[in-house]
>>> print(open('data_7.tsv').read())   # TSV, C-alpha atoms
chain	number	residue	atom	x	y	z
K	25	MET	CA	-15.23	-28.27	-8.74
K	26	ILE	CA	-11.71	-29.73	-8.44
K	27	ARG	CA	-10.30	-32.32	-10.79
K	28	ALA	CA	-6.76	-33.58	-10.27
K	29	ARG	CA	-5.03	-36.21	-12.37
K	30	GLY	CA	-1.52	-37.51	-11.85
K	31	LEU	CA	-0.60	-34.49	-9.77
K	32	GLU	CA	3.06	-34.14	-9.01
K	33	LYS	CA	5.04	-31.51	-7.13
K	34	ARG	CA	8.79	-31.26	-6.80
K	35	TYR	CA	10.91	-28.75	-4.89
K	36	GLY	CA	14.31	-29.10	-6.53
K	37	ASP	CA	15.22	-32.77	-6.41
K	38	LYS	CA	12.68	-33.53	-3.71
K	39	ARG	CA	9.41	-35.00	-4.91
K	40	VAL	CA	6.66	-34.00	-2.46
K	41	LEU	CA	3.64	-35.36	-4.34
K	42	ARG	CA	3.48	-38.13	-6.91
K	43	GLY	CA	0.60	-39.34	-9.04
K	44	VAL	CA	-2.21	-37.86	-6.96
K	45	SER	CA	-5.68	-37.99	-8.52
K	46	PHE	CA	-9.01	-36.96	-7.02
K	47	ASP	CA	-12.26	-35.14	-7.70
K	48	VAL	CA	-14.20	-32.80	-5.43
K	49	ARG	CA	-17.81	-32.01	-6.33
K	50	PRO	CA	-19.43	-28.66	-5.41
K	51	ASP	CA	-20.97	-30.28	-2.31
K	52	GLY	CA	-18.05	-32.65	-1.72
K	53	PHE	CA	-15.96	-33.07	1.39
K	54	LEU	CA	-12.53	-34.56	0.78
K	55	VAL	CA	-10.48	-35.55	3.80
K	56	VAL	CA	-6.76	-35.76	3.03
K	57	THR	CA	-4.77	-37.86	5.46
K	58	GLY	CA	-1.16	-38.85	5.74
K	59	PRO	CA	1.86	-38.61	7.99
K	60	ASN	CA	4.01	-35.50	8.36
K	61	GLY	CA	5.81	-34.69	5.12
K	62	SER	CA	3.38	-36.65	2.96
K	63	GLY	CA	2.42	-33.51	0.99
K	64	LYS	CA	-0.94	-32.57	2.54
K	65	THR	CA	-0.04	-28.89	2.87
K	66	THR	CA	1.48	-28.84	-0.62
K	67	LEU	CA	-1.71	-30.34	-2.03
K	68	LEU	CA	-3.82	-27.62	-0.42
K	69	ARG	CA	-1.45	-24.91	-1.65
K	70	LEU	CA	-1.77	-26.31	-5.17
K	71	CYS	CA	-5.56	-26.24	-4.92
K	72	ALA	CA	-5.44	-22.65	-3.62
K	73	GLY	CA	-3.24	-21.56	-6.52
K	74	LEU	CA	-0.38	-20.66	-4.17
K	75	ALA	CA	1.85	-23.19	-5.93
K	76	VAL	CA	1.81	-24.76	-9.39
K	77	PRO	CA	2.08	-28.48	-10.09
K	78	SER	CA	5.33	-29.80	-11.55
K	79	ALA	CA	3.36	-32.34	-13.59
K	80	GLY	CA	-0.18	-33.62	-13.99
K	81	GLU	CA	-3.47	-31.79	-14.38
K	82	LEU	CA	-5.27	-29.68	-11.81
K	83	ASP	CA	-8.49	-27.88	-12.66
K	84	VAL	CA	-10.09	-25.73	-9.99
K	85	GLU	CA	-13.25	-24.34	-11.54
K	86	LEU	CA	-13.47	-21.31	-9.31
K	87	GLU	CA	-12.27	-17.74	-9.10
K	88	ARG	CA	-9.67	-17.31	-6.42
K	89	GLY	CA	-11.93	-14.93	-4.48
K	90	ARG	CA	-14.32	-17.83	-3.84
K	91	ILE	CA	-11.70	-19.90	-2.04
K	92	GLY	CA	-11.27	-19.85	1.73
K	93	TYR	CA	-7.82	-21.00	2.81
K	94	LEU	CA	-6.66	-21.94	6.28
K	95	GLY	CA	-2.96	-22.73	6.34
K	96	HIS	CA	-0.42	-23.41	9.06
K	97	GLU	CA	0.01	-19.67	9.58
K	98	PRO	CA	-3.06	-17.62	10.52
K	99	LEU	CA	-2.22	-15.11	7.73
K	100	VAL	CA	-3.00	-12.13	9.93
K	101	TYR	CA	-0.86	-9.15	10.89
K	102	ARG	CA	0.20	-9.57	14.51
K	103	GLU	CA	0.39	-5.80	15.14
K	104	LEU	CA	-3.22	-5.28	14.05
K	105	THR	CA	-6.31	-6.09	16.08
K	106	ALA	CA	-8.69	-8.87	15.11
K	107	LEU	CA	-11.15	-6.25	13.88
K	108	GLU	CA	-8.52	-4.45	11.78
K	109	ASN	CA	-7.28	-7.70	10.24
K	110	LEU	CA	-10.75	-8.86	9.30
K	111	ASP	CA	-11.69	-5.40	8.03
K	112	LEU	CA	-8.67	-5.42	5.70
K	113	TYR	CA	-9.56	-8.86	4.33
K	114	GLY	CA	-13.21	-7.88	4.13
K	115	ARG	CA	-12.31	-4.92	1.93
K	116	LEU	CA	-9.99	-6.97	-0.30
K	117	TYR	CA	-12.62	-9.73	-0.65
K	118	ARG	CA	-15.41	-7.17	-1.26
K	119	VAL	CA	-17.54	-8.64	1.51
K	120	ALA	CA	-21.04	-7.20	1.46
K	121	GLU	CA	-22.18	-5.80	4.84
K	122	ARG	CA	-18.64	-6.29	6.02
K	123	ARG	CA	-19.01	-5.02	9.56
K	124	GLU	CA	-22.04	-7.15	10.30
K	125	ARG	CA	-20.36	-10.24	8.88
K	126	ILE	CA	-17.16	-9.59	10.87
K	127	GLY	CA	-19.14	-9.02	14.06
K	128	MET	CA	-21.14	-12.20	13.53
K	129	LEU	CA	-18.00	-14.31	12.98
K	130	LEU	CA	-16.14	-12.83	15.94
K	131	GLU	CA	-19.17	-13.49	18.10
K	132	ARG	CA	-19.54	-17.02	16.79
K	133	PHE	CA	-15.88	-17.90	17.40
K	134	GLY	CA	-15.79	-16.31	20.84
K	135	LEU	CA	-13.48	-13.42	19.94
K	136	TRP	CA	-15.88	-10.51	20.26
K	137	GLU	CA	-14.58	-9.43	23.65
K	138	ALA	CA	-11.00	-9.51	22.34
K	139	ARG	CA	-11.81	-7.79	19.04
K	140	HIS	CA	-9.79	-4.68	19.89
K	141	ASP	CA	-6.76	-6.67	21.10
K	142	ARG	CA	-3.75	-6.98	18.87
K	143	ALA	CA	-3.27	-10.41	17.34
K	144	ASP	CA	0.20	-10.68	18.92
K	145	SER	CA	-1.49	-10.83	22.32
K	146	TYR	CA	-3.62	-13.80	21.24
K	147	SER	CA	-2.94	-17.37	22.31
K	148	ARG	CA	-2.32	-20.05	19.66
K	149	GLY	CA	-5.93	-21.17	19.92
K	150	MET	CA	-7.30	-17.63	19.60
K	151	LEU	CA	-5.12	-17.08	16.52
K	152	GLN	CA	-6.55	-20.25	15.00
K	153	ARG	CA	-10.07	-19.00	15.70
K	154	LEU	CA	-9.17	-15.67	14.07
K	155	ALA	CA	-7.71	-17.53	11.10
K	156	LEU	CA	-10.99	-19.45	10.76
K	157	CYS	CA	-12.92	-16.15	10.84
K	158	ARG	CA	-10.62	-14.87	8.07
K	159	ALA	CA	-11.07	-17.99	5.96
K	160	LEU	CA	-14.87	-17.94	6.33
K	161	LEU	CA	-15.31	-14.16	6.05
K	162	HIS	CA	-16.28	-14.04	2.37
K	163	GLU	CA	-18.51	-17.14	2.55
K	164	PRO	CA	-16.28	-19.17	0.24
K	165	THR	CA	-17.56	-21.78	-2.15
K	166	LEU	CA	-14.47	-23.93	-1.58
K	167	LEU	CA	-12.81	-24.28	1.81
K	168	LEU	CA	-9.25	-25.57	2.00
K	169	LEU	CA	-8.44	-26.33	5.62
K	170	ASP	CA	-5.01	-27.48	6.72
K	171	GLU	CA	-5.11	-29.10	10.18
K	172	PRO	CA	-8.08	-26.90	11.21
K	173	TYR	CA	-8.23	-28.27	14.77
K	174	SER	CA	-4.61	-27.41	15.44
K	175	GLY	CA	-4.29	-25.30	18.59
K	176	LEU	CA	-8.02	-25.27	19.33
K	177	ASP	CA	-9.26	-26.14	22.81
K	178	THR	CA	-12.36	-28.27	23.38
K	179	GLU	CA	-14.69	-25.28	23.02
K	180	GLY	CA	-12.92	-24.06	19.88
K	181	ALA	CA	-13.01	-27.52	18.35
K	182	SER	CA	-16.76	-27.75	19.07
K	183	LEU	CA	-17.30	-24.37	17.41
K	184	LEU	CA	-15.47	-25.63	14.34
K	185	ASP	CA	-17.50	-28.87	14.37
K	186	ARG	CA	-20.68	-26.80	14.37
K	187	GLU	CA	-19.40	-24.56	11.57
K	188	LEU	CA	-18.44	-27.54	9.40
K	189	ALA	CA	-21.80	-29.21	10.01
K	190	GLU	CA	-23.67	-26.02	9.10
K	191	ARG	CA	-21.66	-25.37	5.97
K	192	ARG	CA	-21.66	-28.98	4.79
K	193	GLY	CA	-23.46	-29.06	1.45
K	194	GLN	CA	-23.18	-25.28	0.95
K	195	SER	CA	-19.45	-25.35	0.20
K	196	ALA	CA	-16.96	-27.87	-1.03
K	197	PHE	CA	-14.25	-28.86	1.45
K	198	VAL	CA	-10.74	-30.20	1.23
K	199	VAL	CA	-9.48	-30.82	4.75
K	200	ALA	CA	-5.97	-32.04	5.46
K	201	THR	CA	-5.44	-33.72	8.80
K	202	HIS	CA	-3.39	-36.43	10.40
K	203	GLU	CA	-6.24	-37.05	12.84
K	204	PRO	CA	-9.23	-37.77	10.58
K	205	GLU	CA	-11.44	-39.31	13.28
K	206	ARG	CA	-13.08	-36.00	14.15
K	207	ILE	CA	-14.19	-35.04	10.65
K	208	VAL	CA	-14.56	-38.34	8.86
K	209	VAL	CA	-18.28	-38.13	9.68
K	210	HIS	CA	-18.56	-35.27	7.15
K	211	ALA	CA	-16.40	-36.87	4.48
K	212	SER	CA	-17.72	-37.75	1.06
K	213	SER	CA	-14.33	-39.09	0.05
K	214	THR	CA	-10.87	-39.57	1.50
K	215	LEU	CA	-7.40	-39.40	0.06
K	216	ALA	CA	-4.51	-41.04	1.85
K	217	LEU	CA	-1.08	-39.68	0.99
K	218	ALA	CA	1.93	-41.82	1.78
J	18	MET	CA	-12.62	2.95	-7.48
J	19	THR	CA	-12.41	-0.60	-6.13
J	20	TYR	CA	-8.78	-0.85	-7.20
J	21	LEU	CA	-7.90	2.45	-5.58
J	22	GLY	CA	-9.88	1.38	-2.50
J	23	ASP	CA	-7.71	-1.76	-2.26
J	24	VAL	CA	-4.55	0.31	-2.66
J	25	ALA	CA	-5.69	2.74	0.02
J	26	ALA	CA	-6.59	-0.10	2.43
J	27	LEU	CA	-3.19	-1.76	1.91
J	28	ALA	CA	-1.21	1.48	2.26
J	29	ARG	CA	-3.20	2.44	5.35
J	30	LYS	CA	-2.46	-0.97	6.85
J	31	ASP	CA	1.30	-0.46	6.32
J	32	LEU	CA	1.22	2.96	7.97
J	33	LEU	CA	-0.75	1.52	10.89
J	34	LEU	CA	1.75	-1.33	11.25
J	35	GLU	CA	4.62	1.15	11.34
J	36	LEU	CA	2.78	3.33	13.83
J	37	ARG	CA	2.42	0.30	16.10
J	38	ALA	CA	5.75	-1.47	15.56
J	39	ARG	CA	7.98	1.55	14.88
J	40	ASP	CA	10.75	-0.60	13.47
J	41	THR	CA	11.42	1.07	10.11
J	42	LEU	CA	10.94	4.84	10.19
J	43	PRO	CA	12.96	5.58	13.35
J	44	ALA	CA	15.84	3.52	11.93
J	45	MET	CA	15.65	5.42	8.62
J	46	LEU	CA	15.57	8.80	10.37
J	47	LEU	CA	18.46	7.93	12.63
J	48	PHE	CA	20.50	6.51	9.77
J	49	VAL	CA	20.10	9.46	7.40
J	50	LEU	CA	20.77	11.98	10.14
J	51	SER	CA	23.81	10.18	11.53
J	52	THR	CA	25.21	9.64	8.03
J	53	LEU	CA	25.03	13.37	7.29
J	54	VAL	CA	26.59	14.18	10.66
J	55	VAL	CA	29.42	11.68	10.13
J	56	PHE	CA	30.10	12.98	6.63
J	57	HIS	CA	30.15	16.51	8.04
J	58	PHE	CA	33.10	15.58	10.24
J	59	VAL	CA	34.78	13.29	7.70
J	60	LEU	CA	34.80	15.72	4.76
J	61	PRO	CA	37.71	18.16	4.70
J	62	GLY	CA	36.71	21.75	5.45
J	63	ASP	CA	37.50	22.93	1.93
J	64	SER	CA	35.38	20.24	0.22
J	65	SER	CA	33.25	21.39	-2.67
J	66	GLU	CA	29.48	21.67	-2.64
J	67	LEU	CA	29.56	19.07	-5.39
J	68	ALA	CA	31.10	16.46	-3.09
J	69	ALA	CA	28.61	17.27	-0.33
J	70	THR	CA	25.69	16.86	-2.76
J	71	GLY	CA	27.05	13.49	-3.81
J	72	LEU	CA	27.12	12.41	-0.19
J	73	LEU	CA	23.50	13.51	0.25
J	74	TRP	CA	22.53	11.13	-2.54
J	75	VAL	CA	24.56	8.31	-1.03
J	76	ALA	CA	22.70	8.90	2.24
J	77	ILE	CA	19.32	8.95	0.48
J	78	VAL	CA	19.91	5.71	-1.44
J	79	PHE	CA	21.20	3.77	1.57
J	80	THR	CA	18.41	5.10	3.79
J	81	ALA	CA	15.94	3.90	1.18
J	82	LEU	CA	17.66	0.53	1.14
J	83	LEU	CA	17.21	0.30	4.89
J	84	GLY	CA	13.48	0.96	4.54
J	85	LEU	CA	13.10	-1.40	1.60
J	86	SER	CA	14.76	-4.24	3.49
J	87	ARG	CA	11.85	-4.05	5.98
J	88	ALA	CA	9.12	-3.39	3.40
J	89	PHE	CA	7.82	-6.96	3.26
J	90	ALA	CA	9.00	-8.01	6.73
J	91	ALA	CA	5.49	-8.39	8.18
J	92	GLU	CA	4.23	-10.31	5.15
J	93	ARG	CA	7.29	-12.57	5.16
J	94	GLU	CA	7.56	-13.27	8.89
J	95	GLN	CA	3.85	-13.85	9.35
J	96	GLY	CA	3.18	-15.49	5.98
J	97	VAL	CA	0.48	-12.91	5.25
J	98	ILE	CA	1.56	-12.55	1.63
J	99	ASP	CA	-0.40	-15.77	0.90
J	100	GLY	CA	-3.54	-14.16	2.29
J	101	LEU	CA	-3.06	-11.05	0.16
J	102	VAL	CA	-2.25	-13.05	-2.98
J	103	LEU	CA	-5.40	-15.18	-2.53
J	104	ALA	CA	-7.66	-12.13	-2.35
J	105	PRO	CA	-9.60	-11.40	-5.54
J	106	SER	CA	-8.18	-7.90	-5.84
J	107	ASP	CA	-5.62	-7.15	-8.55
J	108	ARG	CA	-2.23	-8.20	-7.20
J	109	SER	CA	-0.61	-5.03	-8.48
J	110	ALA	CA	-2.60	-3.25	-5.75
J	111	ILE	CA	-0.28	-4.92	-3.22
J	112	TRP	CA	2.71	-3.37	-5.01
J	113	LEU	CA	1.08	0.05	-5.31
J	114	GLY	CA	-0.05	0.12	-1.67
J	115	LYS	CA	3.38	-0.93	-0.48
J	116	SER	CA	5.09	1.59	-2.81
J	117	LEU	CA	2.97	4.37	-1.35
J	118	SER	CA	3.94	3.47	2.20
J	119	VAL	CA	7.64	3.23	1.21
J	120	LEU	CA	7.27	6.63	-0.44
J	121	ALA	CA	5.74	8.08	2.72
J	122	PHE	CA	8.62	6.77	4.87
J	123	LEU	CA	11.18	8.12	2.38
J	124	ALA	CA	9.47	11.51	2.29
J	125	LEU	CA	9.51	11.68	6.09
J	126	ALA	CA	13.21	10.71	6.17
J	127	GLU	CA	13.96	13.48	3.72
J	128	LEU	CA	11.97	16.01	5.70
J	129	VAL	CA	14.76	15.49	8.21
J	130	ALA	CA	17.62	14.95	5.74
J	131	LEU	CA	17.19	18.07	3.60
J	132	PRO	CA	17.13	20.59	6.49
J	133	ALA	CA	20.11	18.76	8.01
J	134	PHE	CA	21.93	18.98	4.67
J	135	ALA	CA	21.16	22.70	4.49
J	136	LEU	CA	22.43	23.12	8.04
J	137	PHE	CA	25.69	21.21	7.63
J	138	TYR	CA	26.62	21.65	3.97
J	139	ALA	CA	24.84	23.88	1.43
J	140	PRO	CA	21.48	25.48	0.71
J	141	VAL	CA	18.73	23.34	-0.75
J	142	ASP	CA	17.19	24.74	-3.92
J	143	GLY	CA	14.11	23.94	-5.99
J	144	PRO	CA	15.78	21.67	-8.57
J	145	MET	CA	17.33	19.60	-5.78
J	146	VAL	CA	13.94	19.17	-4.10
J	147	ALA	CA	12.39	18.24	-7.47
J	148	GLY	CA	15.19	15.72	-8.00
J	149	VAL	CA	14.66	14.21	-4.55
J	150	VAL	CA	10.89	13.93	-5.03
J	151	LEU	CA	11.23	12.23	-8.43
J	152	ALA	CA	14.03	10.01	-7.14
J	153	ASP	CA	11.78	8.94	-4.27
J	154	LEU	CA	9.08	7.92	-6.72
J	155	GLY	CA	11.54	5.80	-8.68
J	156	ILE	CA	13.09	4.28	-5.56
J	157	ALA	CA	9.66	3.39	-4.16
J	158	ALA	CA	8.46	1.84	-7.44
J	159	VAL	CA	11.56	-0.20	-8.29
J	160	GLY	CA	12.61	-0.85	-4.71
J	161	THR	CA	9.23	-2.28	-3.70
J	162	LEU	CA	9.24	-4.76	-6.56
J	163	LEU	CA	12.80	-5.82	-5.78
J	164	ALA	CA	12.04	-6.02	-2.06
J	165	ALA	CA	9.27	-8.48	-2.91
J	166	VAL	CA	11.71	-10.49	-5.04
J	167	ALA	CA	14.27	-10.51	-2.23
J	168	ALA	CA	11.66	-11.36	0.42
J	169	ALA	CA	11.02	-14.67	-1.32
J	170	SER	CA	14.71	-15.55	-1.10
J	171	ARG	CA	16.64	-17.01	1.82
J	172	ALA	CA	19.54	-14.62	1.19
J	173	ARG	CA	17.24	-11.60	1.19
J	174	GLU	CA	19.56	-9.26	3.12
J	175	LEU	CA	22.30	-9.93	0.59
J	176	LEU	CA	20.11	-10.04	-2.48
J	177	LEU	CA	18.26	-6.74	-2.11
J	178	PRO	CA	21.31	-4.42	-2.31
J	179	LEU	CA	22.74	-6.52	-5.14
J	180	ILE	CA	19.68	-6.13	-7.31
J	181	PHE	CA	18.55	-2.69	-6.16
J	182	LEU	CA	21.77	-0.67	-6.36
J	183	PRO	CA	22.45	-1.29	-10.09
J	184	LEU	CA	18.90	-0.22	-10.91
J	185	ALA	CA	19.28	2.83	-8.65
J	186	ILE	CA	22.28	4.14	-10.62
J	187	PRO	CA	20.10	6.07	-13.11
J	188	ILE	CA	18.24	7.58	-10.15
J	189	ILE	CA	21.51	8.74	-8.61
J	190	VAL	CA	22.72	10.12	-11.95
J	191	GLY	CA	19.45	12.00	-12.43
J	192	GLY	CA	19.28	13.19	-8.84
J	193	VAL	CA	22.85	14.43	-8.69
J	194	GLY	CA	22.45	16.03	-12.12
J	195	ALA	CA	19.27	17.85	-11.04
J	196	SER	CA	21.04	19.03	-7.87
J	197	VAL	CA	24.32	20.37	-9.27
J	198	THR	CA	24.19	21.14	-12.99
J	199	GLU	CA	23.32	24.37	-14.76
J	200	ASP	CA	20.58	22.59	-16.67
J	201	PRO	CA	18.58	20.69	-14.04
J	202	ALA	CA	15.47	20.45	-16.25
J	203	ARG	CA	17.21	17.84	-18.40
J	204	TYR	CA	17.88	15.62	-15.41
J	205	VAL	CA	14.46	16.22	-13.88
J	206	GLY	CA	12.96	15.11	-17.19
J	207	PHE	CA	15.22	12.06	-17.18
J	208	LEU	CA	14.06	11.13	-13.68
J	209	ALA	CA	10.40	11.61	-14.65
J	210	LEU	CA	10.90	9.32	-17.65
J	211	TYR	CA	12.67	6.70	-15.50
J	212	ASP	CA	9.84	6.83	-12.96
J	213	ALA	CA	7.11	6.47	-15.56
J	214	LEU	CA	8.86	3.63	-17.38
J	215	PHE	CA	9.76	1.62	-14.32
J	216	ALA	CA	6.43	2.24	-12.59
J	217	VAL	CA	4.65	0.63	-15.54
J	218	ILE	CA	7.13	-2.29	-15.65
J	219	CYS	CA	6.86	-2.91	-11.90
J	220	TRP	CA	3.09	-2.56	-11.88
J	221	ALA	CA	2.75	-5.10	-14.70
J	222	SER	CA	5.31	-7.59	-13.39
J	223	PHE	CA	4.47	-7.68	-9.66
J	224	GLU	CA	1.96	-10.51	-10.10
J	225	TYR	CA	4.73	-12.81	-11.37
J	226	VAL	CA	6.92	-11.96	-8.38
J	227	VAL	CA	4.38	-13.01	-5.75
J	228	THR	CA	3.12	-16.13	-7.46
J	229	GLU	CA	5.09	-19.28	-8.10
>>> encode(input="data_7.tsv", output="structure tokens")
Amino acid sequence: MIRARGLEKRYGDKRVLRGVSFDVRPDGFLVVTGPNGSGKTTLLRLCAGLAVPSAGELDVELERGRIGYLGHEPLVYRELTALENLDLYGRLYRVAERRERIGMLLERFGLWEARHDRADSYSRGMLQRLALCRALLHEPTLLLLDEPYSGLDTEGASLLDRELAERRGQSAFVVATHEPERIVVHASSTLALA
Amino acid sequence: MTYLGDVAALARKDLLLELRARDTLPAMLLFVLSTLVVFHFVLPGDSSELAATGLLWVAIVFTALLGLSRAFAAEREQGVIDGLVLAPSDRSAIWLGKSLSVLAFLALAELVALPAFALFYAPVDGPMVAGVVLADLGIAAVGTLLAAVAAASRARELLLPLIFLPLAIPIIVGGVGASVTEDPARYVGFLALYDALFAVICWASFEYVVTE
């Protein structure tokens, strides 16, 4: 599903990634580790098509509508409610039975009661849950998750654990984290960036 | 229909955001009104209608600039542009949806500006209204593309006027011509041609603006 060879990314004179190679199969689970500034986020942005490599080869055999991306920002409008945000993404991603799917995800991630609240009234953890709902809304074939446990409380982290366990094998995963202990159980391969 | 559905959803979202945040339209309304009031007191009493019409167009262009500077504020500040770009919909739908919301804000600003102009300066006639409507279309099309370009830059507040105003010169020429000359049809036609040409260019090039 993803094949990267000698991947390199520069921003001006600064080289963020150098000589990164990996493969992710359709049922693969790649855990990307490394300290801050090692290029984990850049790698995920490259895989999502949000950035282009400066050198090397990167083949992502997937239409962009099949990718679910969770970045550092929740990618939701703060002035809109959770329901309005997910409805907008549901329309753009052509989600079948959109309302049912949105309702199911909000319920699953414990946001149903707060569905009519504006996202700017959400806590950091609630925003991360909403971002997960957004990333999972269209049942992506490839999930790119950047520090998915960031901001989540114990309950939220357990919900994510359950979601990852359920989706394991149905989707391919690339998960960037500097705390791999929690998800290494799912991993089919790991990539350590320096 | 799917494309138009995407455009409608994106434009509706922008109108909803403005309804909630109210940080663009009130500023535009206040700016255009206060500009016309200030000019009313600054212009000498025996100033020509021609000079007053010129000032109307200055007010319109700078009011539009004010709106355009906020056009991608939500996407920029909250990083949502990545979410929109990743969606499978045609990326030009983002431009078209945003252009429609910019057009709506401009139209509302001018619903205030034109009666104020008629009150303070000179009557508003059909060719002037036609000129304003066509100018709005051009400003929304070109301005939205350039606002997206500027939004990706650190010096966005500086960059937007620098790249927008040169491209707005034909709009001002056409608009002023439609408002004051004996042969407004020529200028209205010029504005229509400008709108059509730049709408196609902006529609086709937006994808390259929002992707690396």
>>> atom_distance(input="data_7.tsv", atom1="atom CA of Gly192 of chain J", atom2="atom CA of Leu125 of chain J")
17.9 Å
>>> residues_around(input="data_7.tsv", residues="Val75 of chain J", least_positions_apart="6", cutoff="10 Å", atoms="all atoms listed in the file", output="number ranges by chain")
J: 49, 52-53, 69, 81, 189, 193
>>> atom_distance(input="data_7.tsv", atom1="atom CA of Asp31 of chain J", atom2="atom CA of Gly100 of chain J")
15.1 Å
>>> closest_atom_pairs(input="data_7.tsv", of="chain J", to="chain K", cutoff="8 Å", atoms="only C-alpha atoms", output="tab-separated table")
residue	atom	partner	partner_atom	distance
J:Asp23	CA	K:Leu116	CA	6.0
J:Ala26	CA	K:Leu112	CA	6.6
J:Leu27	CA	K:Leu112	CA	7.6
J:Lys30	CA	K:Leu112	CA	7.7
J:Leu33	CA	K:Leu104	CA	7.9
J:Leu34	CA	K:Glu103	CA	6.1
J:Arg37	CA	K:Glu103	CA	6.5
J:Ala38	CA	K:Glu103	CA	6.9
J:Ala91	CA	K:Tyr101	CA	6.9
J:Glu92	CA	K:Tyr101	CA	7.8
J:Gln95	CA	K:Leu99	CA	6.4
J:Gly96	CA	K:Leu99	CA	5.7
J:Val97	CA	K:Leu99	CA	4.3
J:Ile98	CA	K:Leu99	CA	7.6
J:Asp99	CA	K:Leu74	CA	7.0
J:Gly100	CA	K:Leu99	CA	5.7
J:Val102	CA	K:Leu74	CA	7.9
J:Leu103	CA	K:Arg88	CA	6.2
J:Ala104	CA	K:Gly89	CA	5.5
J:Pro105	CA	K:Gly89	CA	4.4
J:Ser106	CA	K:Leu116	CA	5.9
J:Thr228	CA	K:Leu74	CA	6.6
J:Glu229	CA	K:Ala75	CA	5.5
>>> closest_residue(input="data_7.tsv", among="K:Ala181, K:Leu70, K:Arg186, K:Leu107", to="Arg123 of chain K", atoms="all atoms listed in the file")
K:Leu107
>>> atom_distance(input="data_7.tsv", atom1="atom CA of Leu110 of chain K", atom2="atom CA of Gly175 of chain K")
20.0 Å
>>> residues_around(input="data_7.tsv", residues="segment 145-152 of chain K", least_positions_apart="5", cutoff="8 Å", atoms="all atoms listed in the file", output="PDB file with C-alpha atoms, in the coordinates of the input")
ATOM      1  CA  PRO K  98      -3.060 -17.620  10.520  1.00  0.00           C
ATOM      2  CA  LEU K 135     -13.480 -13.420  19.940  1.00  0.00           C
ATOM      3  CA  PRO K 172      -8.080 -26.900  11.210  1.00  0.00           C
ATOM      4  CA  SER K 174      -4.610 -27.410  15.440  1.00  0.00           C
ATOM      5  CA  GLY K 175      -4.290 -25.300  18.590  1.00  0.00           C
ATOM      6  CA  LEU K 176      -8.020 -25.270  19.330  1.00  0.00           C
ATOM      7  CA  ASP K 177      -9.260 -26.140  22.810  1.00  0.00           C
ATOM      8  CA  GLY K 180     -12.920 -24.060  19.880  1.00  0.00           C
TER       9      GLY K 180
END
>>> closest_residue(input="data_7.tsv", among="J:Gly148, J:Gly155, J:Gly114, J:Pro132", to="Ala185 of chain J", atoms="all atoms listed in the file")
J:Gly155
>>> residues_around(input="data_7.tsv", residues="segment 189-204 of chain K", least_positions_apart="2", cutoff="8 Å", atoms="only C-alpha atoms", output="JSON, numbers by chain")
{"K": [25, 48, 49, 50, 51, 52, 53, 54, 55, 56, 57, 58, 59, 60, 64, 65, 68, 164, 165, 166, 167, 168, 169, 170, 171, 172, 185, 186, 187, 206, 207, 208, 210]}
>>> write_last_selection(input="data_7.tsv", atoms="C-alpha atoms", output="PDB file, in the coordinates of the input")
ATOM      1  CA  MET K  25     -15.230 -28.270  -8.740  1.00  0.00           C
ATOM      2  CA  VAL K  48     -14.200 -32.800  -5.430  1.00  0.00           C
ATOM      3  CA  ARG K  49     -17.810 -32.010  -6.330  1.00  0.00           C
ATOM      4  CA  PRO K  50     -19.430 -28.660  -5.410  1.00  0.00           C
ATOM      5  CA  ASP K  51     -20.970 -30.280  -2.310  1.00  0.00           C
ATOM      6  CA  GLY K  52     -18.050 -32.650  -1.720  1.00  0.00           C
ATOM      7  CA  PHE K  53     -15.960 -33.070   1.390  1.00  0.00           C
ATOM      8  CA  LEU K  54     -12.530 -34.560   0.780  1.00  0.00           C
ATOM      9  CA  VAL K  55     -10.480 -35.550   3.800  1.00  0.00           C
ATOM     10  CA  VAL K  56      -6.760 -35.760   3.030  1.00  0.00           C
ATOM     11  CA  THR K  57      -4.770 -37.860   5.460  1.00  0.00           C
ATOM     12  CA  GLY K  58      -1.160 -38.850   5.740  1.00  0.00           C
ATOM     13  CA  PRO K  59       1.860 -38.610   7.990  1.00  0.00           C
ATOM     14  CA  ASN K  60       4.010 -35.500   8.360  1.00  0.00           C
ATOM     15  CA  LYS K  64      -0.940 -32.570   2.540  1.00  0.00           C
ATOM     16  CA  THR K  65      -0.040 -28.890   2.870  1.00  0.00           C
ATOM     17  CA  LEU K  68      -3.820 -27.620  -0.420  1.00  0.00           C
ATOM     18  CA  PRO K 164     -16.280 -19.170   0.240  1.00  0.00           C
ATOM     19  CA  THR K 165     -17.560 -21.780  -2.150  1.00  0.00           C
ATOM     20  CA  LEU K 166     -14.470 -23.930  -1.580  1.00  0.00           C
ATOM     21  CA  LEU K 167     -12.810 -24.280   1.810  1.00  0.00           C
ATOM     22  CA  LEU K 168      -9.250 -25.570   2.000  1.00  0.00           C
ATOM     23  CA  LEU K 169      -8.440 -26.330   5.620  1.00  0.00           C
ATOM     24  CA  ASP K 170      -5.010 -27.480   6.720  1.00  0.00           C
ATOM     25  CA  GLU K 171      -5.110 -29.100  10.180  1.00  0.00           C
ATOM     26  CA  PRO K 172      -8.080 -26.900  11.210  1.00  0.00           C
ATOM     27  CA  ASP K 185     -17.500 -28.870  14.370  1.00  0.00           C
ATOM     28  CA  ARG K 186     -20.680 -26.800  14.370  1.00  0.00           C
ATOM     29  CA  GLU K 187     -19.400 -24.560  11.570  1.00  0.00           C
ATOM     30  CA  ARG K 206     -13.080 -36.000  14.150  1.00  0.00           C
ATOM     31  CA  ILE K 207     -14.190 -35.040  10.650  1.00  0.00           C
ATOM     32  CA  VAL K 208     -14.560 -38.340   8.860  1.00  0.00           C
ATOM     33  CA  HIS K 210     -18.560 -35.270   7.150  1.00  0.00           C
TER      34      HIS K 210
END
